[in-house]
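Peer 1: Take a look at the following structure, please.
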Amino acid sequence: MLGRILPPGVAAAEMVAYPEGLKPHPGEEHLITRAVEKRRRDFIGARYCARQALEQLGEPAVAIGKAEDGGPVWPRGIVGSLTHCDGYKAAVLGHKLRFRSIGIDAEPHAALPDGVLDSVSLAPERQWLTTVLPGTALHLDRLLFCAKEATYKTWRPLTGRWLGFEDAHITFTVDEESAGTGAGTFHTELLIPGHTTDGGAALTSFDGRWLISDGLILTAIVEG
């Protein structure tokens, strides 16, 4: 599914059924020694996908470390992103010479819990939710949250800084919609200075794509 919203040149791997007996890479076991079973499966599954993506790029299937902020530590010359939710794990990777940063997120296609929307959105974003696709069965509040998560995952590796939900204004376009299915693009306008640590231009915005299918919401940003 994820490949439907990704550009050429990146490598993607996803998992919808957790393989029986799947074990962590020996170099990763120490990172999840005290983790509960669900956390272990999420960690192991997403990194298993990452190694499949590394092999697609012609790279060794090495252990994927964990940074102090909890994000993955990629091999030299690689950028990428991981995501996991119930019934789904995925990774998207690319060569740093071609792509600057990648951010993906997956969420269940369900409404956000009561009270969450106000804390993760701006007033103009909430207004959009009330006007787009009247009567739709799509849970666009969760789509907004999913796009914010992909935005943060793209931002963090380039800046080393936190990005709050209130620090990004996201707008959407809709390619098509039908019962339970939709797709389109989104544009993230960054509302705080986007000074970076990679020597490149400061960040002002991101553009991504979204998809709702088979009970999942997927968002992806690939920054060139």
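How things are named: the first chain in the structure tokens is A, the next is B, and so on; residues count from 1 in each chain; ligands count from 1 in the order shown.
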Would you please extract all strand (DSSP E) residues from region 90-182 of chain A, as assigned by DSSP on the backbone, and give them as a ChimeraX atom specification?
Peer 2: /A:90-95,101-108,168-178,181-182
Peer 1: Restricting it to N, CA and C atoms, dump the selection as a compact mmCIF listing (two decimals), in the first residue's frame.
Peer 2:
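Result file follows (selection-v9.txt):
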```txt
# COMPACT_ATOMS: atom_id res chain seq x y z
N ALA A 90 6.08 -0.75 8.88
CA ALA A 90 6.66 -0.38 7.59
C ALA A 90 7.93 0.44 7.79
N ALA A 91 8.72 0.47 6.73
CA ALA A 91 9.94 1.28 6.68
C ALA A 91 10.11 1.81 5.27
N VAL A 92 10.59 3.04 5.16
CA VAL A 92 10.95 3.63 3.87
C VAL A 92 12.33 4.24 4.01
N LEU A 93 13.24 3.87 3.10
CA LEU A 93 14.62 4.31 3.16
C LEU A 93 15.06 4.83 1.81
N GLY A 94 16.08 5.69 1.83
CA GLY A 94 16.67 6.18 0.60
C GLY A 94 18.12 6.56 0.83
N HIS A 95 18.85 6.74 -0.25
CA HIS A 95 20.24 7.18 -0.15
C HIS A 95 20.29 8.68 0.10
N SER A 101 15.51 13.87 3.62
CA SER A 101 14.84 13.30 4.79
C SER A 101 13.56 12.63 4.35
N ILE A 102 13.09 11.67 5.16
CA ILE A 102 11.86 10.93 4.87
C ILE A 102 11.06 10.83 6.16
N GLY A 103 9.75 10.99 6.06
CA GLY A 103 8.87 10.81 7.20
C GLY A 103 7.61 10.07 6.79
N ILE A 104 7.31 8.98 7.47
CA ILE A 104 6.09 8.22 7.19
C ILE A 104 5.34 7.99 8.49
N ASP A 105 4.04 7.77 8.36
CA ASP A 105 3.26 7.38 9.53
C ASP A 105 2.07 6.54 9.09
N ALA A 106 1.66 5.63 9.96
CA ALA A 106 0.49 4.79 9.74
C ALA A 106 -0.39 4.86 10.99
N GLU A 107 -1.67 4.98 10.78
CA GLU A 107 -2.63 5.03 11.88
C GLU A 107 -3.84 4.19 11.51
N PRO A 108 -4.54 3.66 12.49
CA PRO A 108 -5.80 2.98 12.18
C PRO A 108 -6.82 3.97 11.65
N ALA A 168 3.02 23.63 12.97
CA ALA A 168 2.88 23.26 11.56
C ALA A 168 1.41 23.36 11.16
N HIS A 169 1.15 24.04 10.05
CA HIS A 169 -0.20 24.17 9.52
C HIS A 169 -0.31 23.31 8.26
N ILE A 170 -1.20 22.34 8.29
CA ILE A 170 -1.31 21.38 7.19
C ILE A 170 -2.61 21.59 6.43
N THR A 171 -2.48 21.64 5.11
CA THR A 171 -3.64 21.70 4.22
C THR A 171 -3.61 20.48 3.30
N PHE A 172 -4.78 20.09 2.83
CA PHE A 172 -4.92 18.85 2.06
C PHE A 172 -5.61 19.09 0.73
N THR A 173 -5.28 18.24 -0.23
CA THR A 173 -6.09 18.10 -1.44
C THR A 173 -6.57 16.66 -1.50
N VAL A 174 -7.69 16.46 -2.17
CA VAL A 174 -8.29 15.14 -2.28
C VAL A 174 -8.33 14.73 -3.74
N ASP A 175 -7.64 13.63 -4.07
CA ASP A 175 -7.63 13.12 -5.43
C ASP A 175 -8.94 12.43 -5.78
N GLU A 176 -9.38 11.62 -4.86
CA GLU A 176 -10.57 10.81 -5.09
C GLU A 176 -11.11 10.37 -3.75
N GLU A 177 -12.36 10.03 -3.71
CA GLU A 177 -12.92 9.51 -2.47
C GLU A 177 -14.12 8.62 -2.80
N SER A 178 -14.26 7.61 -1.95
CA SER A 178 -15.40 6.72 -2.04
C SER A 178 -15.56 6.12 -0.65
N THR A 181 -12.44 4.88 1.31
CA THR A 181 -11.17 4.97 0.58
C THR A 181 -10.96 6.41 0.14
N GLY A 182 -9.73 6.89 0.21
CA GLY A 182 -9.42 8.22 -0.26
C GLY A 182 -7.93 8.35 -0.47
```
Peer 1: With a distance cut-off of 9 Å and only C-alpha atoms, select the neighbouring residues of Leu54 (chain A), excluding the residue or stretch itself and same-chain residues fewer than 5 positions from it, and output the selection as a ChimeraX atom specification.
Peer 2: /A:11-12,49,59-62,78,93-94
Peer 1: To one decimal place, how far is CA of Asp141 (chain A) from CA of Trp162 (chain A) in Å?
Peer 2: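 A separation of 22.1 Å between them.
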Peer 1: Show me, as a VMD selection string, the residues that have an atom within 9 Å of Phe43 (chain A) when counting only C-alpha atoms, minus same-chain residues fewer than 3 positions from it.
Peer 2: chain A and resid 24 32 38 to 40 46 to 48 84
Peer 1: So which residues touch Gly208 (chain A) within 10 Å, counting only C-alpha atoms, skipping near sequence neighbours fewer than 5 positions away, as a list in words?
Peer 2: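 Everything that qualifies: Ile5, Leu6, Ile102, Gly103, Ile104, Ala147, Ala150, Thr151, Phe172, Gly184, Thr185, Phe186, His187, Thr188, Thr219, Ala220, Ile221, Val222 and Glu223 of chain A.
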